[in-house]
Structures are given as structure tokens and as C-alpha cells.
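Okay, data.pdb now, which holds PDB, C-alpha atoms, pLDDT in the B column:
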MODEL        1
ATOM      1  CA  MET A  14      11.278 -30.783  21.381  1.00 49.00           C
ATOM      2  CA  VAL A  15      13.248 -30.955  18.149  1.00 53.00           C
ATOM      3  CA  ALA A  16      16.826 -29.808  18.491  1.00 52.00           C
ATOM      4  CA  VAL A  17      17.475 -27.316  15.735  1.00 50.00           C
ATOM      5  CA  GLU A  18      20.285 -25.248  17.140  1.00 54.00           C
ATOM      6  CA  THR A  19      23.856 -25.137  15.879  1.00 58.00           C
ATOM      7  CA  GLU A  20      23.002 -26.817  12.585  1.00 73.00           C
ATOM      8  CA  ALA A  21      25.881 -27.114  10.137  1.00 86.00           C
ATOM      9  CA  TRP A  22      24.963 -26.326   6.545  1.00 89.00           C
ATOM     10  CA  SER A  23      27.134 -27.641   3.703  1.00 92.00           C
ATOM     11  CA  SER A  24      27.655 -25.386   0.709  1.00 92.00           C
ATOM     12  CA  SER A  25      25.434 -27.603  -1.468  1.00 93.00           C
ATOM     13  CA  GLU A  26      22.719 -27.472   1.208  1.00 92.00           C
ATOM     14  CA  LEU A  27      22.984 -23.687   1.293  1.00 92.00           C
ATOM     15  CA  VAL A  28      22.424 -23.565  -2.475  1.00 93.00           C
ATOM     16  CA  ILE A  29      19.343 -25.790  -2.144  1.00 93.00           C
ATOM     17  CA  ALA A  30      18.059 -23.768   0.794  1.00 92.00           C
ATOM     18  CA  LYS A  31      18.500 -20.507  -1.073  1.00 91.00           C
ATOM     19  CA  GLN A  32      16.679 -21.843  -4.137  1.00 93.00           C
ATOM     20  CA  ALA A  33      13.807 -23.259  -2.063  1.00 93.00           C
ATOM     21  CA  PHE A  34      13.529 -20.030  -0.146  1.00 91.00           C
ATOM     22  CA  GLN A  35      13.374 -17.994  -3.341  1.00 92.00           C
ATOM     23  CA  ALA A  36      10.852 -20.380  -4.928  1.00 93.00           C
ATOM     24  CA  ALA A  37       8.486 -20.106  -1.961  1.00 94.00           C
ATOM     25  CA  TYR A  38       8.836 -16.327  -1.908  1.00 93.00           C
ATOM     26  CA  GLU A  39       8.085 -16.068  -5.627  1.00 92.00           C
ATOM     27  CA  ARG A  40       4.997 -18.301  -5.268  1.00 93.00           C
ATOM     28  CA  GLU A  41       3.667 -16.258  -2.394  1.00 93.00           C
ATOM     29  CA  ILE A  42       4.313 -12.932  -4.141  1.00 93.00           C
ATOM     30  CA  ALA A  43       2.620 -14.211  -7.306  1.00 92.00           C
ATOM     31  CA  ALA A  44      -0.453 -15.108  -5.234  1.00 93.00           C
ATOM     32  CA  LEU A  45      -0.328 -11.694  -3.551  1.00 94.00           C
ATOM     33  CA  VAL A  46      -0.130  -9.859  -6.893  1.00 92.00           C
ATOM     34  CA  ALA A  47      -3.132 -11.856  -8.136  1.00 92.00           C
ATOM     35  CA  GLU A  48      -5.062 -10.950  -4.992  1.00 93.00           C
ATOM     36  CA  VAL A  49      -4.155  -7.251  -5.258  1.00 92.00           C
ATOM     37  CA  ARG A  50      -5.261  -7.211  -8.917  1.00 91.00           C
ATOM     38  CA  GLN A  51      -8.583  -8.721  -7.919  1.00 91.00           C
ATOM     39  CA  ARG A  52      -9.027  -6.338  -4.977  1.00 91.00           C
ATOM     40  CA  VAL A  53      -8.196  -3.224  -6.976  1.00 90.00           C
ATOM     41  CA  GLU A  54     -10.703  -4.232  -9.653  1.00 88.00           C
ATOM     42  CA  GLN A  55     -13.370  -4.346  -6.964  1.00 88.00           C
ATOM     43  CA  VAL A  56     -12.622  -0.945  -5.441  1.00 86.00           C
ATOM     44  CA  SER A  57     -15.800   1.096  -5.720  1.00 82.00           C
ATOM     45  CA  GLN A  58     -16.083   3.058  -2.488  1.00 82.00           C
ATOM     46  CA  ILE A  59     -13.584   5.837  -1.949  1.00 80.00           C
ATOM     47  CA  GLU A  60     -12.109   4.526   1.261  1.00 83.00           C
ATOM     48  CA  GLU A  61     -11.501   1.072  -0.193  1.00 89.00           C
ATOM     49  CA  ILE A  62      -8.246   2.204  -1.775  1.00 92.00           C
ATOM     50  CA  TRP A  63      -6.925   2.856   1.738  1.00 93.00           C
ATOM     51  CA  ILE A  64      -8.185  -0.538   2.883  1.00 92.00           C
ATOM     52  CA  LEU A  65      -6.123  -2.007   0.033  1.00 93.00           C
ATOM     53  CA  HIS A  66      -3.175   0.012   1.268  1.00 94.00           C
ATOM     54  CA  ASP A  67      -3.663  -1.305   4.821  1.00 94.00           C
ATOM     55  CA  PHE A  68      -3.875  -4.846   3.417  1.00 94.00           C
ATOM     56  CA  LEU A  69      -0.568  -4.427   1.552  1.00 94.00           C
ATOM     57  CA  SER A  70       1.095  -2.910   4.633  1.00 95.00           C
ATOM     58  CA  ALA A  71       0.040  -5.885   6.745  1.00 94.00           C
ATOM     59  CA  ARG A  72       1.121  -8.480   4.161  1.00 94.00           C
ATOM     60  CA  ARG A  73       4.483  -6.786   3.701  1.00 94.00           C
ATOM     61  CA  HIS A  74       5.124  -6.741   7.416  1.00 93.00           C
ATOM     62  CA  GLN A  75       4.067 -10.388   7.674  1.00 92.00           C
ATOM     63  CA  MET A  76       6.287 -11.482   4.775  1.00 92.00           C
ATOM     64  CA  ASP A  77       9.273  -9.497   6.028  1.00 90.00           C
ATOM     65  CA  GLY A  78       9.012 -11.437   9.275  1.00 89.00           C
ATOM     66  CA  LYS A  79       8.328 -14.790   7.670  1.00 89.00           C
ATOM     67  CA  TYR A  80      11.119 -14.864   5.095  1.00 89.00           C
ATOM     68  CA  ASP A  81      13.809 -14.792   7.700  1.00 81.00           C
ATOM     69  CA  ASP A  82      16.956 -16.278   6.183  1.00 78.00           C
ATOM     70  CA  ASP A  83      18.859 -16.372   9.443  1.00 81.00           C
ATOM     71  CA  LEU A  84      20.426 -19.839   9.414  1.00 80.00           C
ATOM     72  CA  THR A  85      19.476 -20.583  13.009  1.00 79.00           C
ATOM     73  CA  ALA A  86      15.807 -20.037  12.134  1.00 87.00           C
ATOM     74  CA  LEU A  87      15.863 -21.647   8.700  1.00 90.00           C
ATOM     75  CA  LEU A  88      14.376 -25.024   9.667  1.00 92.00           C
ATOM     76  CA  PHE A  89      11.458 -23.244  11.359  1.00 92.00           C
ATOM     77  CA  THR A  90      11.079 -20.941   8.369  1.00 92.00           C
ATOM     78  CA  PHE A  91      10.984 -23.866   5.945  1.00 94.00           C
ATOM     79  CA  ALA A  92       8.544 -25.821   8.116  1.00 94.00           C
ATOM     80  CA  GLY A  93       6.235 -22.811   8.222  1.00 93.00           C
ATOM     81  CA  LEU A  94       6.381 -22.373   4.441  1.00 95.00           C
ATOM     82  CA  VAL A  95       5.633 -26.086   3.905  1.00 95.00           C
ATOM     83  CA  LYS A  96       2.648 -25.862   6.248  1.00 94.00           C
ATOM     84  CA  GLU A  97       1.304 -22.845   4.385  1.00 93.00           C
ATOM     85  CA  GLY A  98       1.753 -24.527   1.010  1.00 94.00           C
ATOM     86  CA  TRP A  99       4.378 -22.147  -0.408  1.00 95.00           C
ATOM     87  CA  LEU A 100       7.056 -24.844  -0.284  1.00 95.00           C
ATOM     88  CA  ARG A 101       7.030 -28.590  -0.912  1.00 94.00           C
ATOM     89  CA  LEU A 102       9.363 -31.010   0.842  1.00 93.00           C
ATOM     90  CA  GLU A 103      10.609 -31.959  -2.650  1.00 94.00           C
ATOM     91  CA  ASP A 104      11.980 -28.418  -2.982  1.00 95.00           C
ATOM     92  CA  LEU A 105      14.290 -29.285  -0.088  1.00 95.00           C
ATOM     93  CA  GLN A 106      15.688 -32.538  -1.467  1.00 94.00           C
ATOM     94  CA  GLY A 107      19.455 -32.530  -1.045  1.00 94.00           C
ATOM     95  CA  LEU A 108      19.372 -31.307   2.534  1.00 94.00           C
ATOM     96  CA  SER A 109      20.663 -33.842   5.018  1.00 94.00           C
ATOM     97  CA  ALA A 110      18.215 -36.539   6.155  1.00 93.00           C
ATOM     98  CA  ASP A 111      18.541 -35.106   9.640  1.00 93.00           C
ATOM     99  CA  LYS A 112      17.435 -31.619   8.565  1.00 93.00           C
ATOM    100  CA  LEU A 113      14.593 -32.980   6.463  1.00 94.00           C
ATOM    101  CA  SER A 114      13.254 -35.046   9.324  1.00 93.00           C
ATOM    102  CA  LYS A 115      13.442 -32.049  11.651  1.00 93.00           C
ATOM    103  CA  ILE A 116      11.555 -29.906   9.142  1.00 94.00           C
ATOM    104  CA  LYS A 117       8.929 -32.647   8.785  1.00 93.00           C
ATOM    105  CA  ALA A 118       8.588 -32.870  12.553  1.00 92.00           C
ATOM    106  CA  LEU A 119       8.194 -29.093  12.804  1.00 92.00           C
ATOM    107  CA  THR A 120       5.429 -29.075  10.190  1.00 93.00           C
ATOM    108  CA  ARG A 121       3.408 -31.342  12.462  1.00 90.00           C
ATOM    109  CA  MET A 122       3.581 -28.963  15.404  1.00 81.00           C
TER
ATOM    110  CA  MET B1321      -0.047  39.098   0.732  1.00 49.00           C
ATOM    111  CA  VAL B1322      -3.681  38.049   0.668  1.00 53.00           C
ATOM    112  CA  ALA B1323      -5.441  38.358   4.005  1.00 52.00           C
ATOM    113  CA  VAL B1324      -7.111  35.013   4.664  1.00 49.00           C
ATOM    114  CA  GLU B1325      -7.313  34.950   8.433  1.00 54.00           C
ATOM    115  CA  THR B1326     -10.469  35.215  10.514  1.00 58.00           C
ATOM    116  CA  GLU B1327     -12.778  34.510   7.583  1.00 73.00           C
ATOM    117  CA  ALA B1328     -16.443  34.227   8.427  1.00 86.00           C
ATOM    118  CA  TRP B1329     -18.258  31.392   6.687  1.00 89.00           C
ATOM    119  CA  SER B1330     -22.026  31.502   6.321  1.00 92.00           C
ATOM    120  CA  SER B1331     -23.895  28.231   6.668  1.00 92.00           C
ATOM    121  CA  SER B1332     -24.674  28.180   2.928  1.00 93.00           C
ATOM    122  CA  GLU B1333     -21.009  28.774   2.162  1.00 92.00           C
ATOM    123  CA  LEU B1334     -20.074  25.907   4.445  1.00 91.00           C
ATOM    124  CA  VAL B1335     -22.403  23.598   2.505  1.00 92.00           C
ATOM    125  CA  ILE B1336     -20.832  24.679  -0.811  1.00 93.00           C
ATOM    126  CA  ALA B1337     -17.346  24.321   0.635  1.00 92.00           C
ATOM    127  CA  LYS B1338     -18.069  20.835   1.917  1.00 91.00           C
ATOM    128  CA  GLN B1339     -19.500  19.734  -1.438  1.00 93.00           C
ATOM    129  CA  ALA B1340     -16.579  21.192  -3.385  1.00 93.00           C
ATOM    130  CA  PHE B1341     -14.141  19.578  -1.003  1.00 91.00           C
ATOM    131  CA  GLN B1342     -15.804  16.193  -1.407  1.00 92.00           C
ATOM    132  CA  ALA B1343     -15.990  16.532  -5.198  1.00 93.00           C
ATOM    133  CA  ALA B1344     -12.278  17.262  -5.478  1.00 94.00           C
ATOM    134  CA  TYR B1345     -11.426  14.375  -3.164  1.00 93.00           C
ATOM    135  CA  GLU B1346     -13.560  11.975  -5.187  1.00 92.00           C
ATOM    136  CA  ARG B1347     -11.962  13.093  -8.459  1.00 93.00           C
ATOM    137  CA  GLU B1348      -8.481  12.660  -7.086  1.00 93.00           C
ATOM    138  CA  ILE B1349      -9.258   9.251  -5.569  1.00 93.00           C
ATOM    139  CA  ALA B1350     -10.825   8.098  -8.859  1.00 92.00           C
ATOM    140  CA  ALA B1351      -7.623   9.082 -10.670  1.00 93.00           C
ATOM    141  CA  LEU B1352      -5.562   7.303  -8.022  1.00 94.00           C
ATOM    142  CA  VAL B1353      -7.608   4.101  -8.334  1.00 92.00           C
ATOM    143  CA  ALA B1354      -7.149   4.203 -12.122  1.00 92.00           C
ATOM    144  CA  GLU B1355      -3.412   4.647 -11.691  1.00 92.00           C
ATOM    145  CA  VAL B1356      -3.171   1.800  -9.158  1.00 92.00           C
ATOM    146  CA  ARG B1357      -5.105  -0.504 -11.521  1.00 91.00           C
ATOM    147  CA  GLN B1358      -2.682   0.317 -14.311  1.00 91.00           C
ATOM    148  CA  ARG B1359       0.364  -0.110 -12.082  1.00 91.00           C
ATOM    149  CA  VAL B1360      -0.756  -3.436 -10.661  1.00 90.00           C
ATOM    150  CA  GLU B1361      -1.389  -4.758 -14.168  1.00 88.00           C
ATOM    151  CA  GLN B1362       2.209  -3.950 -15.017  1.00 88.00           C
ATOM    152  CA  VAL B1363       3.774  -5.639 -11.989  1.00 86.00           C
ATOM    153  CA  SER B1364       6.148  -8.250 -13.328  1.00 82.00           C
ATOM    154  CA  GLN B1365       9.201  -8.173 -11.086  1.00 81.00           C
ATOM    155  CA  ILE B1366       8.775  -9.422  -7.527  1.00 80.00           C
ATOM    156  CA  GLU B1367       9.806  -6.242  -5.792  1.00 83.00           C
ATOM    157  CA  GLU B1368       7.426  -4.100  -7.838  1.00 89.00           C
ATOM    158  CA  ILE B1369       4.518  -4.971  -5.552  1.00 92.00           C
ATOM    159  CA  TRP B1370       6.397  -3.258  -2.721  1.00 93.00           C
ATOM    160  CA  ILE B1371       7.112  -0.276  -4.970  1.00 92.00           C
ATOM    161  CA  LEU B1372       3.341  -0.082  -5.499  1.00 93.00           C
ATOM    162  CA  HIS B1373       2.911  -0.210  -1.722  1.00 94.00           C
ATOM    163  CA  ASP B1374       5.430   2.611  -1.262  1.00 94.00           C
ATOM    164  CA  PHE B1375       3.600   4.620  -3.913  1.00 94.00           C
ATOM    165  CA  LEU B1376       0.277   4.196  -2.097  1.00 94.00           C
ATOM    166  CA  SER B1377       1.852   5.082   1.262  1.00 95.00           C
ATOM    167  CA  ALA B1378       3.247   8.301  -0.200  1.00 94.00           C
ATOM    168  CA  ARG B1379      -0.008   9.274  -1.927  1.00 94.00           C
ATOM    169  CA  ARG B1380      -2.017   8.604   1.233  1.00 94.00           C
ATOM    170  CA  HIS B1381       0.291  10.734   3.316  1.00 93.00           C
ATOM    171  CA  GLN B1382       0.155  13.491   0.700  1.00 92.00           C
ATOM    172  CA  MET B1383      -3.644  13.426   0.467  1.00 92.00           C
ATOM    173  CA  ASP B1384      -4.085  13.336   4.243  1.00 89.00           C
ATOM    174  CA  GLY B1385      -2.091  16.547   4.395  1.00 89.00           C
ATOM    175  CA  LYS B1386      -3.728  18.173   1.387  1.00 89.00           C
ATOM    176  CA  TYR B1387      -7.377  17.636   2.269  1.00 88.00           C
ATOM    177  CA  ASP B1388      -7.182  19.724   5.377  1.00 81.00           C
ATOM    178  CA  ASP B1389     -10.675  20.970   6.193  1.00 77.00           C
ATOM    179  CA  ASP B1390      -9.546  23.332   8.901  1.00 81.00           C
ATOM    180  CA  LEU B1391     -11.514  26.502   8.151  1.00 79.00           C
ATOM    181  CA  THR B1392      -8.508  28.771   8.603  1.00 79.00           C
ATOM    182  CA  ALA B1393      -6.688  26.860   5.867  1.00 86.00           C
ATOM    183  CA  LEU B1394      -9.647  26.310   3.548  1.00 90.00           C
ATOM    184  CA  LEU B1395      -8.930  29.107   1.068  1.00 92.00           C
ATOM    185  CA  PHE B1396      -5.389  27.806   0.649  1.00 91.00           C
ATOM    186  CA  THR B1397      -6.666  24.247   0.337  1.00 92.00           C
ATOM    187  CA  PHE B1398      -9.157  25.230  -2.367  1.00 94.00           C
ATOM    188  CA  ALA B1399      -6.577  27.294  -4.238  1.00 94.00           C
ATOM    189  CA  GLY B1400      -4.207  24.316  -4.232  1.00 93.00           C
ATOM    190  CA  LEU B1401      -6.928  21.960  -5.511  1.00 95.00           C
ATOM    191  CA  VAL B1402      -7.847  24.395  -8.297  1.00 95.00           C
ATOM    192  CA  LYS B1403      -4.192  24.677  -9.326  1.00 94.00           C
ATOM    193  CA  GLU B1404      -3.877  20.901  -9.460  1.00 93.00           C
ATOM    194  CA  GLY B1405      -7.046  20.520 -11.500  1.00 94.00           C
ATOM    195  CA  TRP B1406      -9.115  18.603  -8.917  1.00 95.00           C
ATOM    196  CA  LEU B1407     -11.462  21.532  -8.393  1.00 95.00           C
ATOM    197  CA  ARG B1408     -12.907  24.162 -10.724  1.00 94.00           C
ATOM    198  CA  LEU B1409     -13.786  27.679  -9.606  1.00 93.00           C
ATOM    199  CA  GLU B1410     -17.363  26.868 -10.718  1.00 94.00           C
ATOM    200  CA  ASP B1411     -17.492  24.271  -7.926  1.00 95.00           C
ATOM    201  CA  LEU B1412     -17.113  27.173  -5.501  1.00 95.00           C
ATOM    202  CA  GLN B1413     -19.888  29.383  -6.862  1.00 94.00           C
ATOM    203  CA  GLY B1414     -21.951  30.653  -3.938  1.00 94.00           C
ATOM    204  CA  LEU B1415     -18.986  31.591  -1.808  1.00 94.00           C
ATOM    205  CA  SER B1416     -18.701  35.309  -1.198  1.00 94.00           C
ATOM    206  CA  ALA B1417     -17.062  37.396  -3.935  1.00 93.00           C
ATOM    207  CA  ASP B1418     -14.357  38.242  -1.439  1.00 92.00           C
ATOM    208  CA  LYS B1419     -13.491  34.602  -0.784  1.00 93.00           C
ATOM    209  CA  LEU B1420     -13.576  33.746  -4.490  1.00 94.00           C
ATOM    210  CA  SER B1421     -11.213  36.554  -5.362  1.00 93.00           C
ATOM    211  CA  LYS B1422      -8.841  35.503  -2.596  1.00 93.00           C
ATOM    212  CA  ILE B1423      -8.873  31.921  -3.870  1.00 94.00           C
ATOM    213  CA  LYS B1424      -8.186  33.161  -7.413  1.00 93.00           C
ATOM    214  CA  ALA B1425      -5.320  35.301  -6.157  1.00 92.00           C
ATOM    215  CA  LEU B1426      -3.869  32.347  -4.272  1.00 92.00           C
ATOM    216  CA  THR B1427      -3.997  30.141  -7.387  1.00 93.00           C
ATOM    217  CA  ARG B1428      -1.707  32.616  -9.118  1.00 90.00           C
ATOM    218  CA  MET B1429       0.986  32.348  -6.446  1.00 82.00           C
TER
ENDMDL
END

Could you express the structure from this file as C-alpha cells?
Amino acid sequence: MVAVETEAWSSSELVIAKQAFQAAYEREIAALVAEVRQRVEQVSQIEEIWILHDFLSARRHQMDGKYDDDLTALLFTFAGLVKEGWLRLEDLQGLSADKLSKIKALTRM
Amino acid sequence: MVAVETEAWSSSELVIAKQAFQAAYEREIAALVAEVRQRVEQVSQIEEIWILHDFLSARRHQMDGKYDDDLTALLFTFAGLVKEGWLRLEDLQGLSADKLSKIKALTRM
């Protein structure tokens, strides 16, 4: 078990974390917009517009939960985003070696 | 006040009503799909995808309420669809003269 509680974040680490967080969010939204554009082009049956709506509802709910910027959850959040490909470890350079190694360990779980 | 309660619908009228209902729904959905395609093309800011989602949620709720095929409400429903342009009175030809005149009267309210 990786200990991730009661992490102290320096102000420069918080800036890096905020930027990485925003970068991952923007990448994922850009991919979502591209997918919605493709899906809406393909709508031909009447009910498909509501399927698109259901899809957007589900993705919004999922992203609201995933982009949790609560500091106590941030290492888990970052590890999840790295695993999914929305964030690279390079985006997190400047965090303490300890935090980076914890994030790396979490991505392997 | 137009009396619209306890209407009797013949089986041929029910067929016409169902077809008119479906035609109006298809027209409105086609317009909605066109609008969603245009809106999604214009998404540039991150949060706009969620504005699109809110828009779809509102339109779905509105349409669920509007396309009420309860027979007791059908004259009101048709009158509303005619007023909004999704249905023409010609789509309702074959309904009794009494029903048609009630629908016309309701469109003027």
C-alpha cells in the first residue's frame, strides 16, 4: 500500500499540479468534442439523438467524478489520468520525487 | 371555452392522428439534429460541450412533455404543434369536422 495521506504541497507544486490537471482536462474534452461531432454526423434514426444525449450525460458524470481536485485525492487522480493517457508523467515534473514515485506506483495498480 | 373532453375517435381517425403525430415528431427531431450539428461545430471553449448537453437535456424534457399521446389531450397537442409549425392542418385531414374546428379554435388561443 502506498501512503498518500497528509501530503504537503509546496506552492510551486500546486502550480504544476493545477497546470497538469487543466492540460489533461483539455485533452479529454477535445477528444470528447471530436467524438460528439462524429456521433452527431452519424445520427440517422430519430432516437439516436437521445442516445447521444445519454452518452453525454454519462461522460459528464464520469468526468465530474474523475477530475477531483481535492488535494488528498490528487495523487490518485493524476495516476488515473496517466493510466488513461490524458496526462504524461512529464506534465508533472517539478513535483517532489516522493510524489512522483507514488504516482508511478499507483499507475501500476 | 372549447369543449374537448370525452371525444370519440374512430379507428380511421386514430390512424390519421398517429401518422400526424409521428410526422410532427420527425420534423421537430430533424430540426433538432440540424441544430445540434451546427452547435457542436461551433464548440470552441471547453465548457461549451456541457452547455450543449444542458441544451439537449432541456429539449428532451420539453419534447417528452409536448408529444403527449393521451387521447384526452390530443386536440391540445395537435393545436400546439400546428402553432409551432411542426404540423399542418392538412396532416389532420380525415379527422371529423368537429375535431378539426376545435383544433383550429385552439390554435387561435

>> Quick one: residues within 8 Å of His1373 in chain B, all atoms listed in the file, excluding same-chain residues fewer than 5 positions away - as number ranges by chain?
In response: A: 66, 69-70

>> Taking 5 positions as the minimum chain separation for residues in the same chain, which residues sit within 8 Å of range 49-55 of chain A when counting only C-alpha atoms? Answer as a PyMOL selection string.
In response: (chain A and resi 62+65) or (chain B and resi 1353+1356-1357+1360-1361)

>> Just want the 10 Å neighbourhood of Leu1394 in chain B, counted on all atoms listed in the file, with same-chain residues fewer than 5 positions away dropped. Output as an MDAnalysis selection string.
In response: chainID B and resid 1324 1327 1337 1341 1387:1389 1399:1400 1423

> What is the distance, in Å and to one decimal place, between CA of Gln1382 in chain B and CA of Leu1395 in chain B?
Replying inline: 18.1 Å

> Could you spell out the hits of the PyMOL selection byres ((chain A and resi 33) around 9) on the shown file, as a ChimeraX atom specification?
Replying inline: /A:28-32,34-38,91,100-101,104-105

> CA of Phe68 in chain A and CA of Arg1379 in chain B are how many Å apart?
Replying inline: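 Straight-line distance from CA of Phe68 in chain A to CA of Arg1379 in chain B works out to 15.6 Å.
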
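Proximity to chain A was assessed for B:Ile1366, B:Leu1415, B:Trp1406, B:Ser1332 counting all atoms listed in the file; the smallest distance is recorded for B:Ile1366.
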
> Using all atoms listed in the file, which of the listed residues (A:Glu61, A:Ala21, A:Gly98, A:Glu26) sits closest to chain B?
Replying inline: A:Glu61

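Among the candidate residues A:Arg73, A:Lys117, A:Lys96, A:Lys112, the one lying nearest to chain B is A:Arg73, with distances computed using all atoms listed in the file.
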
>> I'd like the interatomic distance between CA of Leu84 in chain A and CA of Glu103 in chain A, to a tenth of an Å.
In response: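 One can read the CA of Leu84 in chain A to CA of Glu103 in chain A distance as 19.7 Å.
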
> For chain B, which of A:Thr90, A:Ser114, A:Gln106, A:Ser57 is the closest residue, counting only C-alpha atoms?
Replying inline: A:Ser57

> From the set B:Leu1401, B:Leu1334, B:Val1363, B:Met1383, which residue has the shortest atom-to-atom contact distance to chain A, counting all atoms listed in the file?
Replying inline: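 So, comparing all the options, the nearest one is B:Val1363.
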
Please rebuild range 45-58 of chain A with N, CA, C and O atoms and give the result as a short mmCIF file (atom, residue, chain, number, x, y, z; two decimals), in the frame of the given file.
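rebuild_17.cif, written as the output of this step:
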data_model
loop_
_atom_site.label_atom_id
_atom_site.label_comp_id
_atom_site.auth_asym_id
_atom_site.auth_seq_id
_atom_site.Cartn_x
_atom_site.Cartn_y
_atom_site.Cartn_z
N LEU A 45 0.01 -13.02 -4.08
CA LEU A 45 -0.33 -11.69 -3.55
C LEU A 45 -0.67 -10.73 -4.69
O LEU A 45 -1.65 -9.98 -4.60
N VAL A 46 0.13 -10.75 -5.75
CA VAL A 46 -0.13 -9.86 -6.89
C VAL A 46 -1.51 -10.18 -7.48
O VAL A 46 -2.29 -9.27 -7.79
N ALA A 47 -1.82 -11.47 -7.60
CA ALA A 47 -3.13 -11.86 -8.14
C ALA A 47 -4.25 -11.33 -7.23
O ALA A 47 -5.27 -10.83 -7.71
N GLU A 48 -4.03 -11.43 -5.92
CA GLU A 48 -5.06 -10.95 -4.99
C GLU A 48 -5.22 -9.43 -5.06
O GLU A 48 -6.33 -8.91 -5.03
N VAL A 49 -4.08 -8.72 -5.17
CA VAL A 49 -4.16 -7.25 -5.26
C VAL A 49 -4.87 -6.84 -6.54
O VAL A 49 -5.70 -5.92 -6.54
N ARG A 50 -4.57 -7.54 -7.65
CA ARG A 50 -5.26 -7.21 -8.92
C ARG A 50 -6.76 -7.39 -8.77
O ARG A 50 -7.55 -6.55 -9.22
N GLN A 51 -7.16 -8.47 -8.11
CA GLN A 51 -8.58 -8.72 -7.92
C GLN A 51 -9.20 -7.65 -7.01
O GLN A 51 -10.27 -7.11 -7.31
N ARG A 52 -8.49 -7.33 -5.91
CA ARG A 52 -9.03 -6.34 -4.98
C ARG A 52 -9.16 -4.96 -5.61
O ARG A 52 -10.12 -4.25 -5.38
N VAL A 53 -8.16 -4.57 -6.41
CA VAL A 53 -8.20 -3.22 -6.98
C VAL A 53 -9.29 -3.13 -8.04
O VAL A 53 -9.88 -2.05 -8.24
N GLU A 54 -9.59 -4.24 -8.69
CA GLU A 54 -10.70 -4.23 -9.65
C GLU A 54 -12.02 -3.96 -8.94
O GLU A 54 -12.94 -3.38 -9.51
N GLN A 55 -12.11 -4.43 -7.70
CA GLN A 55 -13.37 -4.35 -6.96
C GLN A 55 -13.54 -3.05 -6.17
O GLN A 55 -14.57 -2.85 -5.54
N VAL A 56 -12.52 -2.19 -6.19
CA VAL A 56 -12.62 -0.94 -5.44
C VAL A 56 -13.74 -0.09 -6.02
O VAL A 56 -13.74 0.24 -7.20
N SER A 57 -14.73 0.23 -5.23
CA SER A 57 -15.80 1.10 -5.72
C SER A 57 -16.03 2.25 -4.75
O SER A 57 -16.25 3.38 -5.16
N GLN A 58 -15.95 1.99 -3.47
CA GLN A 58 -16.08 3.06 -2.49
C GLN A 58 -14.74 3.74 -2.32
O GLN A 58 -13.69 3.11 -2.40
#
